[in-house]
$ cat model09.tsv   # TSV, C-alpha atoms and all ligand atoms
chain	number	residue	atom	x	y	z
A	59	MET	CA	-21.51	-17.54	37.85
A	60	LYS	CA	-22.55	-15.44	34.89
A	61	PRO	CA	-21.91	-11.71	34.47
A	62	ALA	CA	-24.53	-9.01	35.03
A	63	VAL	CA	-26.30	-7.77	31.91
A	64	PHE	CA	-24.22	-5.45	29.71
A	65	SER	CA	-24.38	-3.82	26.29
A	66	TYR	CA	-21.75	-5.01	23.84
A	67	LEU	CA	-19.97	-2.60	21.49
A	68	ARG	CA	-17.41	-3.60	18.89
A	69	PRO	CA	-15.45	-0.69	17.40
A	70	THR	CA	-13.32	-1.35	14.33
A	71	ASN	CA	-10.76	1.37	14.90
A	72	LEU	CA	-9.05	3.17	17.75
A	73	GLN	CA	-10.92	6.46	17.31
A	74	GLU	CA	-14.29	4.71	17.45
A	75	ALA	CA	-13.24	2.89	20.64
A	76	LEU	CA	-12.13	6.16	22.25
A	77	THR	CA	-15.37	7.86	21.23
A	78	PHE	CA	-17.34	5.08	22.96
A	79	LEU	CA	-15.14	5.52	26.03
A	80	GLU	CA	-15.75	9.25	26.02
A	81	GLU	CA	-19.50	8.66	25.80
A	82	TYR	CA	-19.82	5.92	28.43
A	83	GLY	CA	-16.83	6.75	30.65
A	84	GLU	CA	-16.95	4.99	34.01
A	85	ASP	CA	-19.90	2.81	32.94
A	86	ALA	CA	-17.75	1.15	30.28
A	87	LYS	CA	-14.85	-1.30	30.24
A	88	ILE	CA	-12.50	-2.17	27.43
A	89	LEU	CA	-12.60	-5.88	26.60
A	90	SER	CA	-9.33	-7.07	25.08
A	91	GLY	CA	-8.44	-10.76	25.56
A	92	GLY	CA	-10.89	-11.06	28.44
A	93	GLN	CA	-8.55	-13.22	30.53
A	94	SER	CA	-8.81	-10.98	33.58
A	95	LEU	CA	-11.95	-8.97	32.90
A	96	ILE	CA	-14.33	-11.85	32.16
A	97	PRO	CA	-13.47	-13.80	35.35
A	98	THR	CA	-14.04	-10.65	37.45
A	99	MET	CA	-17.36	-10.07	35.67
A	100	ASN	CA	-18.36	-13.70	36.15
A	101	MET	CA	-17.65	-13.35	39.87
A	102	ARG	CA	-19.64	-10.08	39.87
A	103	LEU	CA	-16.60	-8.17	41.13
A	104	SER	CA	-17.08	-5.92	38.12
A	105	ALA	CA	-20.35	-5.09	36.36
A	106	PRO	CA	-19.76	-2.59	33.54
A	107	ALA	CA	-22.90	-1.47	31.71
A	108	TYR	CA	-20.98	-1.35	28.41
A	109	LEU	CA	-18.25	-3.63	27.12
A	110	ILE	CA	-16.12	-2.13	24.36
A	111	ASP	CA	-14.56	-5.08	22.58
A	112	ILE	CA	-11.35	-3.85	20.90
A	113	SER	CA	-10.25	-7.26	19.66
A	114	ARG	CA	-10.99	-6.37	16.01
A	115	ILE	CA	-8.78	-3.26	15.93
A	116	SER	CA	-6.04	-4.93	13.92
A	117	ASP	CA	-3.93	-1.71	13.83
A	118	LEU	CA	-3.11	-2.31	17.49
A	119	ASN	CA	-1.58	-5.72	16.84
A	120	TYR	CA	2.14	-5.44	16.00
A	121	ILE	CA	5.67	-5.98	17.21
A	122	LYS	CA	8.25	-3.70	15.60
A	123	LEU	CA	11.57	-1.97	16.18
A	124	ASP	CA	11.27	1.77	16.76
A	125	GLY	CA	14.56	3.52	17.52
A	126	ASP	CA	15.87	2.18	20.83
A	127	PHE	CA	12.59	0.39	21.55
A	128	LEU	CA	10.73	-2.76	20.74
A	129	ALA	CA	7.26	-1.31	20.23
A	130	VAL	CA	4.38	-3.68	20.95
A	131	GLY	CA	0.80	-2.78	20.04
A	132	ALA	CA	-1.70	-3.10	22.89
A	133	LEU	CA	-3.64	-5.89	21.16
A	134	THR	CA	-0.61	-8.10	20.61
A	135	LYS	CA	-1.23	-11.45	22.24
A	136	HIS	CA	1.16	-13.04	24.70
A	137	LYS	CA	1.57	-16.02	22.35
A	138	ASP	CA	2.77	-13.69	19.57
A	139	ILE	CA	5.49	-12.35	21.87
A	140	GLU	CA	6.39	-15.89	22.86
A	141	ASN	CA	6.73	-17.00	19.22
A	142	SER	CA	8.51	-13.89	17.94
A	143	ASP	CA	12.14	-14.16	16.82
A	144	LEU	CA	12.29	-10.37	16.80
A	145	VAL	CA	11.43	-10.31	20.52
A	146	LYS	CA	13.99	-13.05	21.26
A	147	ASP	CA	16.64	-11.05	19.48
A	148	ALA	CA	15.80	-7.51	20.65
A	149	CYS	CA	14.46	-8.20	24.13
A	150	PRO	CA	15.22	-11.76	25.34
A	151	LEU	CA	14.08	-10.77	28.85
A	152	LEU	CA	10.56	-10.29	27.51
A	153	SER	CA	10.67	-13.65	25.68
A	154	GLU	CA	11.72	-15.36	28.86
A	155	ALA	CA	9.17	-13.64	31.09
A	156	ILE	CA	6.15	-14.18	28.84
A	157	ARG	CA	6.30	-17.95	29.31
A	158	TRP	CA	5.47	-17.41	32.98
A	159	VAL	CA	2.13	-15.76	32.14
A	160	GLY	CA	-0.61	-18.24	33.04
A	161	HIS	CA	-1.13	-21.23	30.77
A	162	THR	CA	-1.03	-21.62	26.99
A	163	GLN	CA	-4.77	-21.01	26.73
A	164	ILE	CA	-4.42	-17.70	28.59
A	165	ARG	CA	-1.43	-16.62	26.49
A	166	ASN	CA	-3.42	-17.43	23.34
A	167	ARG	CA	-6.02	-14.78	24.23
A	168	GLY	CA	-4.42	-12.39	26.73
A	169	THR	CA	-2.89	-9.19	25.37
A	170	VAL	CA	0.01	-6.95	26.28
A	171	GLY	CA	-2.24	-3.90	26.69
A	172	GLY	CA	-4.63	-5.86	28.91
A	173	SER	CA	-1.84	-7.07	31.15
A	174	ILE	CA	-0.42	-3.55	31.56
A	175	ALA	CA	-3.84	-1.88	32.03
A	176	HIS	CA	-4.90	-4.50	34.59
A	177	GLY	CA	-1.95	-3.47	36.78
A	178	ASP	CA	-1.55	-6.66	38.79
A	179	PRO	CA	1.62	-6.24	40.91
A	180	SER	CA	2.49	-9.94	40.38
A	181	ALA	CA	2.11	-9.85	36.60
A	182	GLU	CA	5.25	-10.50	34.61
A	183	LEU	CA	5.02	-7.78	31.94
A	184	PRO	CA	4.79	-4.83	34.38
A	185	CYS	CA	7.87	-6.23	36.17
A	186	VAL	CA	9.86	-6.47	32.92
A	187	LEU	CA	8.75	-2.99	31.87
A	188	THR	CA	9.78	-1.59	35.25
A	189	ALA	CA	13.21	-3.23	35.13
A	190	LEU	CA	13.90	-1.94	31.62
A	191	ARG	CA	12.44	1.55	32.32
A	192	GLY	CA	10.07	1.10	29.39
A	193	GLU	CA	7.20	3.33	28.33
A	194	ILE	CA	3.42	3.11	28.05
A	195	VAL	CA	1.74	5.05	25.23
A	196	ILE	CA	-1.76	6.25	26.15
A	197	ALA	CA	-4.30	7.36	23.52
A	198	ASN	CA	-6.76	10.22	24.16
A	199	VAL	CA	-10.00	10.83	22.29
A	200	ASP	CA	-8.73	14.14	20.83
A	201	GLY	CA	-6.00	12.20	18.99
A	202	SER	CA	-3.24	13.23	21.39
A	203	GLU	CA	-0.98	10.71	23.09
A	204	GLU	CA	0.83	10.59	26.41
A	205	VAL	CA	3.93	8.57	27.15
A	206	LEU	CA	4.29	7.42	30.75
A	207	VAL	CA	7.03	5.54	32.57
A	208	PRO	CA	6.03	2.63	34.83
A	209	GLU	CA	6.27	4.56	38.13
A	210	GLU	CA	3.86	7.16	36.72
A	211	PHE	CA	1.48	4.54	35.37
A	212	PHE	CA	1.30	1.84	38.09
A	213	LEU	CA	-0.13	3.58	41.16
A	214	THR	CA	-0.97	0.75	43.52
A	215	TYR	CA	-2.49	-2.74	43.58
A	216	MET	CA	-4.57	-3.06	40.34
A	217	LEU	CA	-4.78	0.72	40.01
A	218	THR	CA	-3.13	2.67	37.23
A	219	SER	CA	-3.19	6.34	36.25
A	220	LEU	CA	-5.27	5.48	33.16
A	221	GLN	CA	-8.41	7.66	33.03
A	222	PRO	CA	-11.80	6.13	32.11
A	223	GLU	CA	-11.72	7.75	28.66
A	224	GLN	CA	-8.12	6.69	27.85
A	225	MET	CA	-6.69	3.54	26.31
A	226	VAL	CA	-3.30	1.86	26.32
A	227	LYS	CA	-2.15	1.99	22.71
A	228	GLU	CA	1.42	0.71	22.79
A	229	VAL	CA	3.98	-0.63	25.21
A	230	ARG	CA	7.63	0.23	24.51
A	231	PHE	CA	10.36	-2.11	25.77
A	232	PRO	CA	13.93	-0.77	25.50
A	233	ILE	CA	16.05	-2.97	23.22
A	234	ILE	CA	18.63	-5.02	25.11
A	235	PRO	CA	22.11	-4.87	23.49
A	236	GLN	CA	23.45	-8.25	22.32
A	237	GLU	CA	26.38	-8.14	24.76
A	238	SER	CA	24.13	-7.61	27.80
A	239	GLY	CA	22.91	-10.43	30.01
A	240	SER	CA	19.36	-10.66	31.28
A	241	ALA	CA	17.27	-13.04	33.35
A	242	PHE	CA	13.72	-13.43	34.58
A	243	VAL	CA	13.11	-15.70	37.57
A	244	GLU	CA	9.92	-16.44	39.47
A	245	VAL	CA	8.53	-18.70	42.15
A	246	ALA	CA	4.85	-19.64	41.93
A	247	ARG	CA	2.96	-22.26	43.90
A	248	ARG	CA	1.91	-24.11	40.76
A	249	HIS	CA	2.90	-23.80	37.11
A	250	GLY	CA	0.75	-21.05	35.55
A	251	ASP	CA	-0.09	-19.34	38.82
A	252	PHE	CA	0.84	-15.73	39.50
A	253	GLY	CA	4.29	-15.52	41.09
A	254	LEU	CA	4.77	-15.18	44.83
A	255	ALA	CA	7.72	-13.06	43.82
A	256	GLU	CA	9.58	-12.50	40.57
A	257	VAL	CA	12.69	-10.64	39.48
A	258	ALA	CA	13.75	-9.22	36.11
A	259	ALA	CA	17.40	-8.19	35.68
A	260	VAL	CA	19.56	-6.87	32.86
A	261	LEU	CA	23.21	-5.85	33.04
A	262	ASP	CA	26.54	-5.51	31.31
A	263	ILE	CA	29.99	-6.60	32.50
A	264	ASP	CA	33.42	-5.32	31.54
A	265	ASN	CA	36.37	-7.57	30.60
A	266	GLU	CA	37.25	-8.16	34.26
A	267	GLY	CA	33.67	-9.07	35.18
A	268	HIS	CA	32.74	-5.77	36.88
A	269	LEU	CA	29.06	-4.91	36.60
A	270	LEU	CA	27.82	-1.96	34.56
A	271	ASN	CA	24.35	-0.65	33.68
A	272	VAL	CA	22.50	-2.89	36.14
A	273	LYS	CA	18.71	-2.72	36.08
A	274	ILE	CA	16.57	-4.87	38.35
A	275	ALA	CA	12.89	-4.95	39.27
A	276	VAL	CA	10.92	-7.14	41.62
A	277	GLY	CA	7.22	-7.94	41.37
A	278	GLY	CA	4.70	-9.53	43.71
A	279	VAL	CA	6.09	-8.02	46.91
A	280	ASN	CA	4.82	-4.42	46.83
A	281	PRO	CA	1.54	-2.91	45.56
A	282	THR	CA	3.34	-2.25	42.24
A	283	PRO	CA	6.47	-3.73	40.71
A	284	ILE	CA	9.49	-1.74	41.89
A	285	ALA	CA	12.92	-0.95	40.49
A	286	LEU	CA	15.61	-1.93	43.02
A	287	GLU	CA	17.53	1.33	42.66
A	288	GLN	CA	19.56	0.93	45.83
A	289	VAL	CA	20.74	-2.52	44.74
A	290	GLU	CA	21.51	-1.26	41.23
A	291	GLU	CA	23.69	1.56	42.57
A	292	TYR	CA	25.46	-0.75	45.00
A	293	LEU	CA	26.37	-3.19	42.22
A	294	ILE	CA	27.96	-0.76	39.77
A	295	GLY	CA	31.69	-1.53	39.38
A	296	LYS	CA	31.50	-4.65	41.59
A	297	LYS	CA	32.07	-8.31	40.81
A	298	LEU	CA	29.52	-10.87	41.98
A	299	THR	CA	31.45	-12.27	44.93
A	300	ASP	CA	29.70	-14.20	47.72
A	301	GLU	CA	29.95	-11.14	49.97
A	302	VAL	CA	28.43	-8.88	47.29
A	303	LEU	CA	25.58	-11.34	46.77
A	304	ARG	CA	24.91	-11.44	50.53
A	305	GLN	CA	24.67	-7.64	50.49
A	306	VAL	CA	22.38	-7.76	47.47
A	307	SER	CA	20.03	-10.10	49.29
A	308	ASP	CA	20.01	-7.87	52.39
A	309	LEU	CA	19.48	-4.66	50.39
A	310	THR	CA	16.68	-6.27	48.39
A	311	GLN	CA	14.93	-7.40	51.55
A	312	GLU	CA	15.21	-3.87	52.96
A	313	SER	CA	13.77	-2.41	49.74
A	314	VAL	CA	10.56	-4.46	49.61
A	315	ASP	CA	7.46	-4.27	51.75
A	316	PRO	CA	5.36	-7.40	51.23
A	317	GLU	CA	2.15	-8.34	53.01
A	318	SER	CA	1.10	-11.74	54.27
A	319	ASP	CA	-1.72	-13.50	52.44
A	320	LEU	CA	-3.00	-17.04	52.10
A	321	HIS	CA	-0.21	-17.84	49.63
A	322	GLY	CA	2.70	-16.85	51.87
A	323	THR	CA	3.80	-14.74	54.80
A	324	ALA	CA	5.42	-11.32	54.43
A	325	GLU	CA	8.68	-12.76	55.83
A	326	TYR	CA	8.69	-15.57	53.26
A	327	ARG	CA	8.04	-13.16	50.38
A	328	ARG	CA	10.78	-10.82	51.61
A	329	GLU	CA	13.34	-13.63	51.74
A	330	LEU	CA	12.16	-14.91	48.40
A	331	ALA	CA	12.73	-11.48	46.83
A	332	GLY	CA	16.32	-11.53	48.12
A	333	THR	CA	16.95	-15.08	46.90
A	334	LEU	CA	15.44	-14.45	43.47
A	335	THR	CA	17.44	-11.25	42.98
A	336	VAL	CA	20.65	-13.14	43.67
A	337	ARG	CA	19.54	-15.92	41.32
A	338	ALA	CA	18.64	-13.51	38.52
A	339	LEU	CA	21.95	-11.68	38.82
A	340	LYS	CA	23.98	-14.89	38.64
A	341	ILE	CA	22.15	-16.00	35.50
A	342	ALA	CA	22.36	-12.57	33.87
A	343	VAL	CA	26.13	-12.36	34.52
A	344	GLU	CA	26.63	-15.84	33.07
A	345	ARG	CA	24.74	-14.79	29.96
A	346	ALA	CA	26.72	-11.54	29.68
A	347	ARG	CA	29.86	-13.71	29.76
A	348	GLY	CA	28.59	-15.40	26.61
A	349	GLY	CA	26.68	-18.27	28.14
A	350	GLU	CA	23.27	-19.29	26.85
A	351	LYS	CA	21.43	-16.05	26.02
A	352	ASN	CA	17.88	-17.17	26.57
A	353	VAL	CA	16.12	-20.22	27.98
B	1	LIG	C1	-6.07	-18.84	35.41
B	1	LIG	C2	-5.39	-17.54	35.10
B	1	LIG	C3	-4.03	-17.41	35.35
B	1	LIG	C4	-3.38	-16.22	35.06
B	1	LIG	N1	-2.04	-16.15	35.31
B	1	LIG	C5	-1.39	-15.00	35.00
B	1	LIG	C6	0.01	-14.87	35.21
B	1	LIG	O1	0.68	-15.79	35.66
B	1	LIG	N2	0.58	-13.69	34.91
B	1	LIG	C7	-0.13	-12.64	34.38
B	1	LIG	O2	0.46	-11.58	34.11
B	1	LIG	N3	-1.44	-12.73	34.16
B	1	LIG	C8	-2.08	-13.88	34.46
B	1	LIG	N4	-3.42	-13.96	34.25
B	1	LIG	C9	-4.15	-12.74	33.84
B	1	LIG	C10	-4.14	-12.51	32.38
B	1	LIG	O3	-3.21	-13.25	31.69
B	1	LIG	C11	-3.80	-11.08	32.08
B	1	LIG	O4	-4.31	-10.16	32.99
B	1	LIG	C12	-4.37	-10.84	30.72
B	1	LIG	O5	-3.47	-11.30	29.78
B	1	LIG	C13	-4.77	-9.44	30.46
B	1	LIG	O6	-4.99	-9.27	29.09
B	1	LIG	P1	-6.42	-9.38	28.44
B	1	LIG	O7	-6.22	-8.94	27.05
B	1	LIG	O8	-7.00	-10.72	28.66
B	1	LIG	O9	-7.19	-8.26	29.28
B	1	LIG	P2	-8.73	-8.15	29.63
B	1	LIG	O10	-9.11	-9.22	30.57
B	1	LIG	O11	-9.53	-8.01	28.39
B	1	LIG	O12	-8.70	-6.73	30.38
B	1	LIG	C14	-8.06	-6.58	31.62
B	1	LIG	C15	-8.26	-5.14	32.12
B	1	LIG	O13	-7.54	-4.24	31.29
B	1	LIG	C16	-8.43	-3.32	30.64
B	1	LIG	N5	-7.89	-3.18	29.29
B	1	LIG	C17	-7.59	-4.18	28.42
B	1	LIG	N6	-6.98	-3.69	27.33
B	1	LIG	C18	-6.90	-2.35	27.51
B	1	LIG	C19	-6.37	-1.28	26.72
B	1	LIG	N7	-5.74	-1.49	25.55
B	1	LIG	N8	-6.45	-0.02	27.21
B	1	LIG	C20	-7.06	0.22	28.39
B	1	LIG	N9	-7.57	-0.75	29.18
B	1	LIG	C21	-7.49	-2.02	28.74
B	1	LIG	C22	-9.81	-3.95	30.72
B	1	LIG	O14	-10.84	-2.98	30.70
B	1	LIG	C23	-9.71	-4.66	32.05
B	1	LIG	O15	-9.90	-3.75	33.11
B	1	LIG	C24	-4.11	-15.14	34.51
B	1	LIG	C25	-5.47	-15.26	34.23
B	1	LIG	C26	-6.11	-16.45	34.52
B	1	LIG	C27	-7.58	-16.57	34.22
$ encode --input "model09.tsv" --output "structure tokens" --more "lines below"
Ligand SMILES: Cc1cc2nc3c(=O)[nH]c(=O)nc-3n(C[C@H](O)[C@H](O)[C@H](O)COP(=O)(O)OP(=O)(O)OC[C@H]3O[C@@H](n4cnc5c(N)ncnc54)[C@H](O)[C@@H]3O)c2cc1C
Amino acid sequence: MKPAVFSYLRPTNLQEALTFLEEYGEDAKILSGGQSLIPTMNMRLSAPAYLIDISRISDLNYIKLDGDFLAVGALTKHKDIENSDLVKDACPLLSEAIRWVGHTQIRNRGTVGGSIAHGDPSAELPCVLTALRGEIVIANVDGSEEVLVPEEFFLTYMLTSLQPEQMVKEVRFPIIPQESGSAFVEVARRHGDFGLAEVAAVLDIDNEGHLLNVKIAVGGVNPTPIALEQVEEYLIGKKLTDEVLRQVSDLTQESVDPESDLHGTAEYRRELAGTLTVRALKIAVERARGGEKNV
């Protein structure tokens, strides 16, 4: 199908884009890489009267270190993250996760800001951001900015706290120290599909192998990605014994609340979340021990 008729606007800077948003508000949609918006418009699930194409705002395309963060401009494409040595070095979890986003063609056009603003609970970047306790920088038309954490930003399935006149400007991923181990694991029905469930984990270990600073998030099993705080607390100071891993699986399954759909039952997704959490932890610990840092 083809989309409903719309007016096309192409601002060349952030302020111009925000001014358009202020003027057209709920009648307008930002067009970034178009990898989610255009399909929904083609299926007539969305019919904005105005499309504000931000793809020429080159100021929003960057990956840089900023204090304790890897700061990624909203217009940065998935493929740029995938190919970045800086990302591999500063946030290997992000490098690993990005390869699970759709297919090459989608990663060539899709953007970080688009993925975050779309708010799909199965999307990889929101899951990574939730695990790392990253930040989302929102731009307002008056030039002010707001910085939100994932649980403030992701409200429910495909719904964020972003107001119609606001834009995602930057996404800030905490830098992962070199000695930490991290892992991103996912199960999807076919390569390139959204995950049925996915887990992002990052942790440290001491010389005896006890866990420290554990951060884990699971996506695809709740209306938003969620941090597994109960599991994180349980793991501090423990070694990954078989008994501990059994407990981790049980606690994970208690923490999630999946629904059945045509891709899998709630029970299957719940078990999968437990299994993937165990898998991610094992890989992350191995990497913290000095094993291969990134796949
Ligand atoms: C076949 C297929 C498979 C896919 N598989 C995956 C997958 O496995 N994992 C995954 O995460 N995604 C997947 N996607 C979705 C897609 O990759 C992402 O949603 C996409 O990258 C979003 O970025 P975009 O730039 O294309 O956003 P767009 O499609 O341009 O926009 C998406 C939404 O975000 C809004 N928006 C965009 N940028 C901003 C901004 N800066 N500020 C405010 N609002 C903004 C738009 O108005 C729109 O509502 C898939 C898509 C397809 C077609």
$ residues_around --input "model09.tsv" --residues "Val243 in chain A" --least-positions-apart "5" --cutoff "10 Å" --atoms "all atoms listed in the file" --output "ChimeraX atom specification"
/A:154-155,158,182,253,255-259,276,334-335,337-339,341
$ closest_residue --input "model09.tsv" --among "A:Ala324, A:Ser142, A:Ala342, A:Gly250" --to "Lys273 in chain A" --atoms "all atoms listed in the file"
A:Ala342
$ residues_around --input "model09.tsv" --residues "Leu183 in chain A" --least-positions-apart "6" --cutoff "8 Å" --atoms "only C-alpha atoms" --output "PyMOL selection string"
chain A and resi 152+155-156+170+173-174
$ residues_near_ligand --input "model09.tsv" --ligand "ligand LIG 1 (chain B)" --cutoff "6 Å" --atoms "all atoms listed in the file" --output "ChimeraX atom specification"
/A:87-95,132,158-160,164,168-169,171-173,175-176,181-182,225-227,250-252
$ closest_atom_pairs --input "model09.tsv" --of "range 197-295 of chain A" --to "range 122-129 of chain A" --cutoff "12 Å" --atoms "only C-alpha atoms" --output "CSV"
residue,atom,partner,partner_atom,distance
A:Lys227,CA,A:Ala129,CA,10.3
A:Glu228,CA,A:Ala129,CA,6.7
A:Val229,CA,A:Ala129,CA,6.0
A:Arg230,CA,A:Ala129,CA,4.6
A:Phe231,CA,A:Leu128,CA,5.1
A:Pro232,CA,A:Phe127,CA,4.3
A:Ile233,CA,A:Phe127,CA,5.1
A:Ile234,CA,A:Asp126,CA,8.8
A:Pro235,CA,A:Asp126,CA,9.8
$ atom_distance --input "model09.tsv" --atom1 "CA of Val130 in chain A" --atom2 "CA of Ala346 in chain A"
25.2 Å
$ atom_distance --input "model09.tsv" --atom1 "CA of Arg347 in chain A" --atom2 "CA of Arg157 in chain A"
23.9 Å
$ residues_around --input "model09.tsv" --residues "range 220-224 of chain A" --least-positions-apart "6" --cutoff "6 Å" --atoms "only C-alpha atoms" --output "ChimeraX atom specification"
/A:79-80,83-84,197-198
$ atom_distance --input "model09.tsv" --atom1 "CA of Glu344 in chain A" --atom2 "CA of Ser307 in chain A"
18.4 Å
$ closest_residue --input "model09.tsv" --among "A:Val302, A:Ala107, A:Leu217, A:Leu261" --to "Val343 in chain A" --atoms "all atoms listed in the file"
A:Leu261
$ axis_aligned_box --input "model09.tsv" --around "range 263-275 of chain A" --padding-each-side "5 Å" --output "lines of an AutoDock Vina configuration file"
center_x = 25.1
center_y = -4.9
center_z = 34.9
size_x = 34.4
size_y = 18.4
size_z = 18.7
$ residues_around --input "model09.tsv" --residues "Thr77 in chain A" --least-positions-apart "5" --cutoff "9 Å" --atoms "all atoms listed in the file" --output "MDAnalysis selection string"
chainID A and resid 72 82 199 223
$ write_last_selection --input "model09.tsv" --atoms "C-alpha atoms" --output "PDB file, in the coordinates of the input"
ATOM      1  CA  LEU A  72      -9.050   3.170  17.750  1.00  0.00           C
ATOM      2  CA  TYR A  82     -19.820   5.920  28.430  1.00  0.00           C
ATOM      3  CA  VAL A 199     -10.000  10.830  22.290  1.00  0.00           C
ATOM      4  CA  GLU A 223     -11.720   7.750  28.660  1.00  0.00           C
TER       5      GLU A 223
END
$ closest_residue --input "model09.tsv" --among "A:Val279, A:Leu109, A:Leu254, A:Leu133" --to "Tyr215 in chain A" --atoms "all atoms listed in the file"
A:Val279
$ closest_residue --input "model09.tsv" --among "A:Met216, A:Leu330, A:Leu151, A:Ala86" --to "Val245 in chain A" --atoms "all atoms listed in the file"
A:Leu330
$ closest_residue --input "model09.tsv" --among "A:Cys185, A:Asp262, A:Ala75, A:Glu237" --to "Asp147 in chain A" --atoms "all atoms listed in the file"
A:Glu237
$ decode --input "model09.tsv" --residues "range 234-247 of chain A" --atoms "N, CA and C atoms" --output "CSV table (one decimal), in the first residue's frame"
chain,number,residue,atom,x,y,z
A,234,ILE,N,31.8,1.5,29.3
A,234,ILE,CA,32.0,0.3,30.1
A,234,ILE,C,33.5,0.2,30.3
A,235,PRO,N,33.9,0.1,31.6
A,235,PRO,CA,35.4,0.0,31.9
A,235,PRO,C,36.0,-1.3,31.2
A,236,GLN,N,37.3,-1.2,30.8
A,236,GLN,CA,37.9,-2.3,30.1
A,236,GLN,C,37.9,-3.6,30.8
A,237,GLU,N,38.0,-3.5,32.2
A,237,GLU,CA,38.0,-4.8,32.9
A,237,GLU,C,36.6,-5.4,33.1
A,238,SER,N,35.6,-4.7,32.8
A,238,SER,CA,34.2,-5.3,32.9
A,238,SER,C,34.0,-6.3,31.8
A,239,GLY,N,33.0,-7.2,32.0
A,239,GLY,CA,32.5,-8.1,31.0
A,239,GLY,C,31.1,-7.7,30.6
A,240,SER,N,30.8,-7.9,29.4
A,240,SER,CA,29.4,-7.6,29.0
A,240,SER,C,28.9,-8.6,27.9
A,241,ALA,N,27.6,-8.7,27.8
A,241,ALA,CA,27.1,-9.7,26.8
A,241,ALA,C,25.7,-9.2,26.4
A,242,PHE,N,25.4,-9.4,25.1
A,242,PHE,CA,24.0,-9.2,24.6
A,242,PHE,C,23.6,-10.5,23.9
A,243,VAL,N,22.5,-11.1,24.4
A,243,VAL,CA,22.0,-12.3,23.8
A,243,VAL,C,20.6,-12.2,23.4
A,244,GLU,N,20.2,-12.9,22.4
A,244,GLU,CA,18.8,-12.7,21.8
A,244,GLU,C,18.3,-14.0,21.2
A,245,VAL,N,17.1,-14.3,21.2
A,245,VAL,CA,16.5,-15.3,20.4
A,245,VAL,C,15.4,-14.7,19.5
A,246,ALA,N,15.5,-14.9,18.2
A,246,ALA,CA,14.5,-14.4,17.3
A,246,ALA,C,14.1,-15.6,16.4
A,247,ARG,N,12.9,-15.5,15.8
A,247,ARG,CA,12.5,-16.6,15.0
A,247,ARG,C,13.3,-16.8,13.7
